[in-house]
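Containing mmCIF, C-alpha atoms and all ligand atoms: start-v6.cif.
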```cif
data_final
loop_
_atom_site.label_atom_id
_atom_site.label_comp_id
_atom_site.auth_asym_id
_atom_site.auth_seq_id
_atom_site.Cartn_x
_atom_site.Cartn_y
_atom_site.Cartn_z
CA ALA Z 21 138.12 240.82 188.67
CA LYS Z 22 136.22 238.77 191.25
CA ASP Z 23 137.25 235.18 191.77
CA LYS Z 24 134.36 233.09 190.54
CA GLY Z 25 132.23 231.13 192.92
CA MET Z 26 134.30 232.10 195.94
CA THR Z 27 132.64 235.31 196.98
CA VAL Z 28 129.12 235.45 198.41
CA ASP Z 29 127.31 238.73 198.44
CA PRO Z 30 126.30 238.84 202.12
CA LEU Z 31 123.40 241.09 201.21
CA ARG Z 32 121.85 238.61 198.81
CA THR Z 33 121.08 235.96 201.44
CA VAL Z 34 118.82 238.39 203.29
CA ALA Z 35 117.86 240.66 200.37
CA LYS Z 36 114.10 240.27 200.86
CA GLU Z 37 114.29 241.27 204.52
CA MET Z 38 116.60 244.19 203.72
CA LYS Z 39 114.16 245.40 201.07
CA PHE Z 40 111.45 245.91 203.71
CA LEU Z 41 113.74 247.31 206.38
CA THR Z 42 113.43 251.03 205.71
CA GLY Z 43 109.69 250.88 205.07
CA ASN Z 44 109.12 249.04 208.35
CA ILE Z 45 111.34 251.46 210.24
CA ARG Z 46 109.40 254.39 208.81
CA LYS Z 47 106.16 252.76 209.97
CA LEU Z 48 107.57 252.48 213.49
CA LEU Z 49 108.38 256.19 213.34
CA GLY Z 50 104.98 257.45 212.21
CA SER Z 51 103.87 260.53 214.08
CA GLY Z 52 100.87 262.82 213.74
CA HIS Z 53 103.06 265.89 214.16
CA PRO Z 54 104.26 266.65 210.64
CA SER Z 55 107.47 268.38 211.70
CA LEU Z 56 108.43 265.65 214.20
CA ASP Z 57 107.59 263.07 211.55
CA ARG Z 58 109.92 264.80 209.10
CA VAL Z 59 112.95 265.10 211.38
CA ALA Z 60 112.45 261.61 212.87
CA LYS Z 61 112.44 260.01 209.42
CA TYR Z 62 115.14 262.30 208.00
CA TYR Z 63 118.04 259.84 208.33
CA THR Z 64 115.94 257.03 206.85
CA GLN Z 65 115.84 258.84 203.48
CA ALA Z 66 119.42 258.66 202.29
CA GLU Z 67 120.30 255.05 202.01
CA GLY Z 68 122.65 254.18 204.86
CA LYS Z 69 124.80 251.07 204.80
CA HIS Z 70 122.45 249.26 207.23
CA VAL Z 71 125.39 247.24 208.48
CA ARG Z 72 123.82 246.42 211.84
CA PRO Z 73 120.49 245.04 210.59
CA LEU Z 74 122.34 243.14 207.89
CA ILE Z 75 124.49 241.44 210.52
CA VAL Z 76 121.48 240.68 212.74
CA LEU Z 77 119.62 239.08 209.83
CA LEU Z 78 122.62 237.02 208.73
CA MET Z 79 123.20 235.93 212.33
CA SER Z 80 119.54 234.91 212.61
CA ARG Z 81 119.86 232.65 209.57
CA ALA Z 82 123.28 231.29 210.50
CA THR Z 83 122.27 230.38 214.07
CA HIS Z 84 119.03 228.78 212.90
CA LEU Z 85 121.09 225.71 212.05
CA CYS Z 86 122.92 225.62 215.40
CA PRO Z 87 121.92 223.55 218.46
CA LYS Z 88 118.87 224.82 220.38
CA ALA Z 89 118.64 225.57 224.09
CA ALA Z 90 117.09 222.77 226.15
CA SER Z 91 114.38 225.05 227.53
CA LEU Z 92 113.17 225.96 224.05
CA GLU Z 93 109.77 224.34 224.52
CA ASN Z 94 108.88 226.65 227.39
CA SER Z 95 110.05 229.83 225.78
CA PRO Z 96 107.20 231.97 224.44
CA THR Z 97 109.51 233.81 222.06
CA SER Z 98 110.77 230.67 220.41
CA ARG Z 99 107.58 230.46 218.37
CA GLY Z 100 107.44 234.14 217.52
CA ILE Z 101 105.94 236.54 220.01
CA ASP Z 102 103.24 236.47 222.62
CA THR Z 103 100.33 238.45 221.25
CA SER Z 104 98.04 237.87 224.22
CA ILE Z 105 98.10 241.52 225.25
CA SER Z 106 95.79 243.74 223.27
CA PRO Z 107 97.72 246.24 221.19
CA ILE Z 108 94.88 248.74 221.56
CA GLN Z 109 95.48 249.14 225.28
CA ILE Z 110 99.07 250.16 224.77
CA LEU Z 111 98.80 252.11 221.56
CA ALA Z 112 95.72 254.20 222.12
CA ASP Z 113 97.83 257.34 222.26
CA VAL Z 114 99.52 256.88 218.93
CA ASN Z 115 98.28 258.89 215.96
CA PRO Z 116 96.21 256.82 213.53
CA SER Z 117 98.47 257.82 210.65
CA ALA Z 118 101.05 255.58 212.26
CA ASN Z 119 98.77 252.58 211.80
CA PRO Z 120 98.77 252.13 215.57
CA LEU Z 121 97.14 248.75 215.85
CA THR Z 122 99.69 247.05 213.71
CA ALA Z 123 102.89 249.12 213.60
CA TYR Z 124 104.54 247.16 216.43
CA ASP Z 125 102.99 243.79 215.75
CA THR Z 126 105.55 241.44 214.25
CA LYS Z 127 102.69 239.48 212.67
CA GLU Z 128 102.30 242.46 210.34
CA LEU Z 129 105.80 242.08 208.93
CA PRO Z 130 105.77 240.99 205.26
CA GLU Z 131 105.49 237.25 204.81
CA GLU Z 132 108.03 237.27 202.02
CA GLY Z 133 111.59 236.31 202.81
CA ASN Z 134 113.37 233.45 204.46
CA PRO Z 135 111.22 231.26 206.70
CA ASP Z 136 114.23 230.60 208.93
CA ILE Z 137 114.25 234.23 210.08
CA LEU Z 138 111.60 234.80 212.78
CA PRO Z 139 109.44 237.93 212.73
CA SER Z 140 110.97 238.86 216.08
CA GLN Z 141 114.47 238.69 214.56
CA ARG Z 142 113.42 240.95 211.68
CA ARG Z 143 112.01 243.38 214.19
CA LEU Z 144 115.28 243.21 216.14
CA ALA Z 145 117.14 244.20 212.97
CA GLU Z 146 114.91 247.29 212.69
CA ILE Z 147 115.38 248.12 216.37
CA THR Z 148 119.20 248.04 216.02
CA GLU Z 149 118.98 250.50 213.12
CA LEU Z 150 116.64 252.75 215.13
CA ILE Z 151 119.02 252.83 218.09
CA HIS Z 152 121.97 253.47 215.79
CA THR Z 153 120.14 256.29 213.99
CA ALA Z 154 119.13 257.84 217.32
CA SER Z 155 122.76 257.86 218.36
CA LEU Z 156 123.73 259.54 215.06
CA LEU Z 157 121.14 262.29 215.57
CA HIS Z 158 122.63 263.01 218.99
CA ASP Z 159 126.20 262.51 217.83
CA ASP Z 160 125.84 265.09 215.08
CA VAL Z 161 124.68 267.64 217.66
CA ILE Z 162 127.61 266.85 219.95
CA ASP Z 163 130.10 266.89 217.06
CA HIS Z 164 128.63 270.03 215.42
CA SER Z 165 128.42 268.03 212.20
CA VAL Z 166 127.28 269.71 209.00
CA SER Z 167 126.86 266.65 206.81
CA ARG Z 168 125.92 262.98 207.07
CA ARG Z 169 125.69 260.45 204.22
CA GLY Z 170 126.36 263.18 201.67
CA SER Z 171 123.48 265.44 202.81
CA PRO Z 172 123.16 268.20 205.40
CA SER Z 173 123.05 266.67 208.89
CA ALA Z 174 119.78 266.81 210.85
CA ASN Z 175 121.15 269.37 213.32
CA LEU Z 176 122.01 271.68 210.43
CA GLU Z 177 118.71 271.13 208.65
CA PHE Z 178 116.37 271.30 211.67
CA GLY Z 179 118.47 272.74 214.50
CA ASN Z 180 119.92 271.14 217.63
CA LYS Z 181 116.72 271.03 219.64
CA MET Z 182 114.75 269.20 216.96
CA ALA Z 183 117.62 266.79 216.31
CA VAL Z 184 117.90 265.90 220.01
CA LEU Z 185 114.15 265.42 220.35
CA ALA Z 186 114.04 263.30 217.20
CA GLY Z 187 116.79 261.06 218.63
CA ASP Z 188 114.80 260.67 221.85
CA PHE Z 189 111.69 259.86 219.83
CA LEU Z 190 113.54 257.12 217.95
CA LEU Z 191 114.70 255.62 221.24
CA GLY Z 192 111.14 255.72 222.54
CA ARG Z 193 109.75 253.95 219.51
CA ALA Z 194 112.61 251.46 219.54
CA SER Z 195 111.79 250.72 223.19
CA VAL Z 196 108.11 250.06 222.41
CA ALA Z 197 109.02 247.71 219.57
CA LEU Z 198 111.55 246.00 221.84
CA ALA Z 199 109.06 245.53 224.67
CA ARG Z 200 106.68 244.00 222.13
CA LEU Z 201 109.11 241.15 221.54
CA ARG Z 202 108.14 239.91 225.02
CA ASN Z 203 111.62 238.68 225.84
CA ALA Z 204 113.02 240.21 229.02
CA GLU Z 205 116.62 239.13 228.33
CA VAL Z 206 116.56 240.77 224.90
CA VAL Z 207 115.05 243.95 226.37
CA GLU Z 208 117.82 243.98 228.97
CA LEU Z 209 120.51 243.56 226.30
CA LEU Z 210 119.29 246.39 224.09
CA ALA Z 211 118.58 248.70 227.03
CA THR Z 212 122.18 248.10 228.11
CA VAL Z 213 123.31 249.03 224.60
CA ILE Z 214 121.63 252.43 224.92
CA ALA Z 215 123.42 253.01 228.24
CA ASN Z 216 126.69 251.77 226.71
CA LEU Z 217 126.42 254.22 223.80
CA VAL Z 218 126.11 257.08 226.25
CA GLU Z 219 128.99 255.73 228.38
CA GLY Z 220 131.20 255.45 225.28
CA GLU Z 221 130.33 258.96 224.15
CA PHE Z 222 130.97 260.16 227.70
CA MET Z 223 134.43 258.55 227.84
CA GLN Z 224 135.24 260.18 224.52
CA LEU Z 225 134.03 263.58 225.70
CA LYS Z 226 136.03 263.34 228.95
CA ASN Z 227 139.03 262.66 226.79
CA THR Z 228 138.68 265.97 224.96
CA GLU Z 229 139.29 267.97 228.15
CA ARG Z 230 142.58 269.84 228.08
CA ASP Z 231 145.55 268.57 230.06
CA GLU Z 232 148.36 271.11 230.00
CA ARG Z 233 150.83 268.78 231.71
CA SER Z 234 151.44 267.08 228.37
CA PRO Z 235 150.37 263.50 229.13
CA LYS Z 236 152.64 260.51 228.55
CA TYR Z 237 151.64 257.51 226.47
CA SER Z 238 151.04 254.37 228.53
CA GLU Z 239 149.45 250.97 227.97
CA GLU Z 240 146.32 252.33 229.67
CA THR Z 241 145.99 254.88 226.88
CA LEU Z 242 145.19 252.18 224.33
CA GLN Z 243 143.06 250.22 226.84
CA TYR Z 244 140.91 253.29 227.49
CA TYR Z 245 140.49 253.82 223.76
CA LEU Z 246 139.49 250.18 223.21
CA GLN Z 247 137.01 250.22 226.10
CA LYS Z 248 135.49 253.42 224.71
CA THR Z 249 135.36 251.84 221.26
CA TYR Z 250 133.59 248.77 222.61
CA LEU Z 251 130.95 250.92 224.30
CA LYS Z 252 130.52 253.34 221.41
CA THR Z 253 130.42 250.88 218.52
CA ALA Z 254 130.87 247.21 219.36
CA SER Z 255 128.27 247.02 222.13
CA LEU Z 256 125.35 247.49 219.73
CA ILE Z 257 126.66 244.95 217.23
CA SER Z 258 127.69 242.35 219.82
CA LYS Z 259 124.58 242.55 221.97
CA SER Z 260 122.23 242.54 218.99
CA CYS Z 261 123.99 239.45 217.63
CA ARG Z 262 123.50 237.86 221.04
CA ALA Z 263 119.84 238.91 221.07
CA SER Z 264 119.33 237.46 217.59
CA ALA Z 265 120.63 234.06 218.70
CA LEU Z 266 118.51 234.22 221.88
CA LEU Z 267 115.33 234.98 219.93
CA GLY Z 268 116.04 231.98 217.72
CA GLY Z 269 116.28 229.76 220.80
CA ALA Z 270 119.96 228.91 220.27
CA ASP Z 271 121.94 227.15 223.00
CA ALA Z 272 124.34 229.02 225.31
CA ALA Z 273 127.49 228.23 223.31
CA THR Z 274 125.90 229.60 220.14
CA VAL Z 275 124.65 232.72 221.94
CA ASP Z 276 128.19 233.35 223.22
CA ALA Z 277 129.70 232.74 219.77
CA ALA Z 278 127.26 235.23 218.22
CA TYR Z 279 128.24 237.77 220.85
CA SER Z 280 131.96 237.21 220.30
CA TYR Z 281 131.55 237.59 216.54
CA GLY Z 282 129.72 240.90 217.02
CA ARG Z 283 132.17 242.23 219.56
CA ASN Z 284 135.24 241.55 217.44
CA LEU Z 285 133.58 242.74 214.24
CA GLY Z 286 132.45 245.92 215.99
CA LEU Z 287 135.96 246.69 217.22
CA ALA Z 288 137.42 246.02 213.77
CA PHE Z 289 134.73 248.22 212.21
CA GLN Z 290 135.49 251.25 214.41
CA LEU Z 291 139.27 250.85 214.05
CA VAL Z 292 138.83 250.99 210.28
CA ASP Z 293 136.55 254.01 210.68
CA ASP Z 294 139.20 255.79 212.71
CA MET Z 295 141.84 254.84 210.15
CA LEU Z 296 139.77 256.12 207.20
CA ASP Z 297 139.50 259.48 208.95
CA TYR Z 298 143.23 259.82 208.21
CA THR Z 299 143.47 258.16 204.83
CA ARG Z 300 140.38 259.21 202.88
CA SER Z 301 139.01 262.55 201.68
CA GLY Z 302 135.69 264.01 202.77
CA ALA Z 303 134.23 263.56 199.30
CA GLU Z 304 135.10 259.87 199.44
CA LEU Z 305 133.57 259.39 202.89
CA GLY Z 306 130.39 261.44 202.46
CA LYS Z 307 131.28 263.24 205.69
CA PRO Z 308 134.22 265.53 206.58
CA ALA Z 309 137.56 263.70 206.78
CA GLY Z 310 140.19 264.50 209.39
CA ALA Z 311 137.29 265.32 211.69
CA ASP Z 312 138.65 263.53 214.74
CA LEU Z 313 141.69 265.77 215.24
CA GLU Z 314 139.53 268.84 214.69
CA LEU Z 315 137.33 267.54 217.54
CA GLY Z 316 140.40 267.06 219.75
CA LEU Z 317 140.10 263.29 219.49
CA ALA Z 318 143.12 261.01 219.62
CA THR Z 319 142.08 257.75 217.94
CA ALA Z 320 144.09 254.58 217.26
CA PRO Z 321 146.33 255.90 214.43
CA LEU Z 322 147.41 258.82 216.61
CA LEU Z 323 147.84 256.67 219.73
CA PHE Z 324 150.19 254.29 217.88
CA ALA Z 325 152.08 257.28 216.47
CA TRP Z 326 152.31 258.82 219.96
CA LYS Z 327 153.88 255.65 221.29
CA GLN Z 328 156.73 256.18 218.77
CA ILE Z 329 156.83 259.99 218.91
CA PRO Z 330 156.52 261.18 222.55
CA GLU Z 331 156.38 264.84 221.46
CA LEU Z 332 152.80 264.21 220.32
CA GLY Z 333 151.89 264.28 224.04
CA ALA Z 334 151.97 268.08 224.11
CA LEU Z 335 149.53 268.26 221.19
CA VAL Z 336 147.29 265.59 222.73
CA GLY Z 337 147.32 267.54 226.02
CA ARG Z 338 146.08 270.73 224.41
CA LYS Z 339 143.68 268.80 222.14
CA PHE Z 340 145.29 270.06 218.92
CA GLU Z 341 143.86 273.51 219.61
CA GLN Z 342 146.93 275.62 218.87
CA GLU Z 343 147.39 277.01 215.38
CA GLY Z 344 148.91 274.31 213.15
CA ASP Z 345 148.43 271.48 215.68
CA VAL Z 346 145.95 269.52 213.59
CA GLN Z 347 148.16 269.73 210.51
CA ARG Z 348 151.30 268.80 212.50
CA ALA Z 349 149.62 265.84 214.25
CA ARG Z 350 148.29 264.60 210.92
CA GLU Z 351 151.75 264.73 209.36
CA LEU Z 352 153.34 262.90 212.28
CA VAL Z 353 150.67 260.18 212.18
CA LEU Z 354 151.12 259.68 208.45
CA GLN Z 355 154.93 259.58 208.85
CA SER Z 356 154.68 256.98 211.63
CA ASP Z 357 153.24 253.53 211.10
CA GLY Z 358 150.14 254.45 213.15
CA VAL Z 359 147.81 253.84 210.22
CA GLU Z 360 149.46 250.51 209.46
CA GLN Z 361 149.28 249.37 213.10
CA THR Z 362 145.62 250.34 213.24
CA ARG Z 363 144.98 248.29 210.14
CA ALA Z 364 146.82 245.33 211.67
CA LEU Z 365 144.80 245.52 214.89
CA ALA Z 366 141.55 245.73 212.90
CA GLN Z 367 142.69 242.67 210.96
CA GLU Z 368 143.30 240.79 214.22
CA TYR Z 369 139.78 241.55 215.46
CA SER Z 370 138.29 240.63 212.12
CA GLU Z 371 140.03 237.24 212.27
CA LYS Z 372 138.77 236.72 215.84
CA ALA Z 373 135.25 237.44 214.62
CA MET Z 374 135.61 234.81 211.92
CA SER Z 375 136.99 232.16 214.26
CA ALA Z 376 134.18 232.80 216.77
CA ILE Z 377 131.67 231.34 214.28
CA ALA Z 378 134.00 228.89 212.55
CA HIS Z 379 132.18 225.93 214.14
CA PHE Z 380 128.73 227.03 212.89
CA PRO Z 381 127.22 224.61 210.36
CA GLU Z 382 128.06 225.55 206.78
CA SER Z 383 125.50 227.88 205.23
CA GLU Z 384 125.19 230.85 202.90
CA ALA Z 385 124.39 233.06 205.87
CA LYS Z 386 127.54 231.93 207.68
CA ASP Z 387 129.55 232.72 204.55
CA GLY Z 388 127.82 236.09 204.55
CA LEU Z 389 129.00 236.76 208.11
CA LEU Z 390 132.54 235.74 207.21
CA GLU Z 391 132.38 238.00 204.16
CA MET Z 392 131.18 240.88 206.35
CA ALA Z 393 134.23 240.44 208.56
CA HIS Z 394 136.41 240.40 205.47
CA LYS Z 395 134.71 243.45 203.93
CA THR Z 396 134.95 245.43 207.15
CA ILE Z 397 138.70 245.64 206.93
CA LYS Z 398 138.74 246.08 203.14
CA ARG Z 399 136.19 248.91 202.98
CA ASN Z 400 137.29 252.42 202.09
CA LYS Z 401 134.07 254.24 202.86
C1 LIG Z 501 129.31 258.02 215.89
O1 LIG Z 501 130.64 258.25 216.17
C2 LIG Z 501 128.57 257.94 217.20
C3 LIG Z 501 128.25 256.82 217.86
C4 LIG Z 501 128.58 255.50 217.30
C5 LIG Z 501 127.54 256.85 219.17
C6 LIG Z 501 127.25 258.21 219.73
C7 LIG Z 501 126.51 258.12 221.04
C8 LIG Z 501 125.86 259.14 221.61
C9 LIG Z 501 125.80 260.48 220.99
C10 LIG Z 501 125.20 258.94 222.92
C11 LIG Z 501 123.70 259.01 222.82
C12 LIG Z 501 123.17 257.68 222.43
C13 LIG Z 501 121.88 257.42 222.05
C14 LIG Z 501 121.46 256.01 221.85
C15 LIG Z 501 120.87 258.48 221.84
P1 LIG Z 501 131.55 259.27 215.33
O2 LIG Z 501 131.24 260.68 215.71
O3 LIG Z 501 132.94 258.83 215.53
O4 LIG Z 501 131.12 258.92 213.84
P2 LIG Z 501 130.66 259.83 212.65
O5 LIG Z 501 131.91 260.15 211.91
O6 LIG Z 501 129.75 258.94 211.84
O7 LIG Z 501 129.97 261.04 213.17
MG MG Z 502 130.28 262.23 214.68
MG MG Z 503 131.06 261.51 217.66
#
```

Take the structure in this file and express it as structure tokens.
Ligand code: FPP
Ligand code: MG
Ligand code: MG
Amino acid sequence: AKDKGMTVDPLRTVAKEMKFLTGNIRKLLGSGHPSLDRVAKYYTQAEGKHVRPLIVLLMSRATHLCPKAASLENSPTSRGIDTSISPIQILADVNPSANPLTAYDTKELPEEGNPDILPSQRRLAEITELIHTASLLHDDVIDHSVSRRGSPSANLEFGNKMAVLAGDFLLGRASVALARLRNAEVVELLATVIANLVEGEFMQLKNTERDERSPKYSEETLQYYLQKTYLKTASLISKSCRASALLGGADAATVDAAYSYGRNLGLAFQLVDDMLDYTRSGAELGKPAGADLELGLATAPLLFAWKQIPELGALVGRKFEQEGDVQRARELVLQSDGVEQTRALAQEYSEKAMSAIAHFPESEAKDGLLEMAHKTIKRNK
């Protein structure tokens, strides 16, 4: 049973905004080409967890009560967005079915919801989900995935070429919406995220190349994994938290705190993800379990196990490709305390995330952020 009064549902504090999220995203993705329209919107159908927009919206509310930057008066974004440029000029090439004159205009976002969340911050929440979804479309091609969120993955349903193009299309539309916020620092942050996602994926891919000399575990092994994890997962969460505080006109200390929260939460989130790949079944996850070893990937549970069991080096070197390798590696990981150490490290990051915002003024949104950090390490899906 839940302890009464103690737990806040983080979703509830931004429920109105979350209700409009998918509809707004689908508007941003409107295309006159029916088949592109279908594949681009495909991952918006099954309800995802929308963790990133949820965090952005909670951060927007929580930082609203924090000190403002001194230069606030001069900042055009502090009062919403600059609408001085005619949307027609820019959007003439967009199909009318996409409602071109208004699709990117934050003034068109529903009025309902919390007045302390700016239209630009709501749009940012949508942009983070778009970038995330684009990366999933590409990721499923790279990983040869067959399912995502309990349904066939886009690459299976539409083919690799369509899935790649759809991902590119999402990035394009995310970029237009981002540019429309008229905040160069925020554009720079989110553009860096896109580069970081590719860098993280690249580091991971490099790591799946065979190394017959049976590598040894070293401290760098874990550092490489953590750097990759930052780029692949935590960069989007941390930089969008930072962007959310910037759009709200928060002072430098608040902006840094928002970033630190996102970074630590993102690292905790991915560590748990990598742990669940060992501890949960495919049916429970909605995507194949044990997928990382099959892909030749050594994630945190295996790295901690490897530190204790040097023989794992041979399997890591040949990327678990030999008959029985995946099964053997899995057994060794589950026999070691690799899973437990991964959980402990995730817990550490989750606590760092909480302490980063500990000095924020008390609010429901702040409690929501703390609850998110708590939930991240408790989740089993
Ligand atoms: C999911 O990881 C994948 C990511 C978080 C990022 C993947 C990044 C790219 C493919 C680079 C291209 C980026 C863009 C923005 C187009 P996972 O495979 O561990 O998770 P999964 O189990 O959900 O598939
Ligand atoms: Mg994948
Ligand atoms: Mg992947």

Open item on the list: Could you list, as a PyMOL selection string, all residues that come within 9 Å of ligand LIG 501 (chain Z)? Count only C-alpha atoms and all ligand atoms.
Closed with: chain Z and resi 150-163+165+168-169+184+187-188+190-191+213-222+249+251-254+256+290+293-294+297+307-309+311-312

- [ ] Extract, using all atoms listed in the file, all DNA, RNA and protein residues at most 12 Å from Lys39 in chain Z, discarding same-chain residues fewer than 4 positions from it, and format them as a ChimeraX atom specification.
- [x] /Z:31-35,43-45,67,70,73-74,129-130,132-133,142,146

Task: Nearest candidate to Leu315 in chain Z (options Z:Leu225, Z:Leu78, Z:Met392, Z:Met295; using only C-alpha atoms) - done: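 Ranking Z:Leu225, Z:Leu78, Z:Met392, Z:Met295 by distance to Leu315 in chain Z, first place goes to Z:Leu225.
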
- [ ] Grab the CA of Ile257 in chain Z to CA of Gly286 in chain Z distance for me, in Å with one decimal place.
- [x]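 Calculated distance between CA of Ile257 in chain Z and CA of Gly286 in chain Z is 6.0 Å.
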
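Contact shell of Thr241 in chain Z at 10 Å (all atoms listed in the file; same-chain neighbours under 2 positions omitted): Pro235, Lys236, Tyr237, Ser238, Glu239, Gln243, Tyr244, Tyr245, Leu246, Ala318, Ala320, Leu323, Phe324 and Lys327 of chain Z.
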
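When CA of Leu389 in chain Z is paired with CA of Leu209 in chain Z, their separation reads 21.2 Å.
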
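Distances to ligand MG 502 (chain Z) were evaluated for Z:Ser167, Z:Ser51, Z:Gln65, Z:Ser370 using only C-alpha atoms and all ligand atoms, and the minimum falls at Z:Ser167.
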
Open item on the list: Given all atoms listed in the file as the basis, pick out the residue of Z:Ala349, Z:Ala145, Z:Ala303, Z:Ala89 nearest to Gly170 in chain Z.
Closed with: Z:Ala303

Task: Closest of Z:Leu85, Z:Glu314, Z:Val76, Z:Glu149 to ligand MG 502 (chain Z) - atom-to-atom distances counting all atoms listed in the file - done: Z:Glu314

Open item on the list: I'd like to know which of Z:Pro321, Z:Gly316, Z:Gly50, Z:Gly282 is closest to ligand MG 503 (chain Z), using all atoms listed in the file.
Closed with: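 Counting all atoms listed in the file, the residue closest to ligand MG 503 (chain Z) is Z:Gly316.
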
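Shortest separation to ligand MG 502 (chain Z) among Z:Gly52, Z:Pro139, Z:Gly310, Z:Gly68 occurs at residue Z:Gly310, atoms counted being only C-alpha atoms and all ligand atoms.
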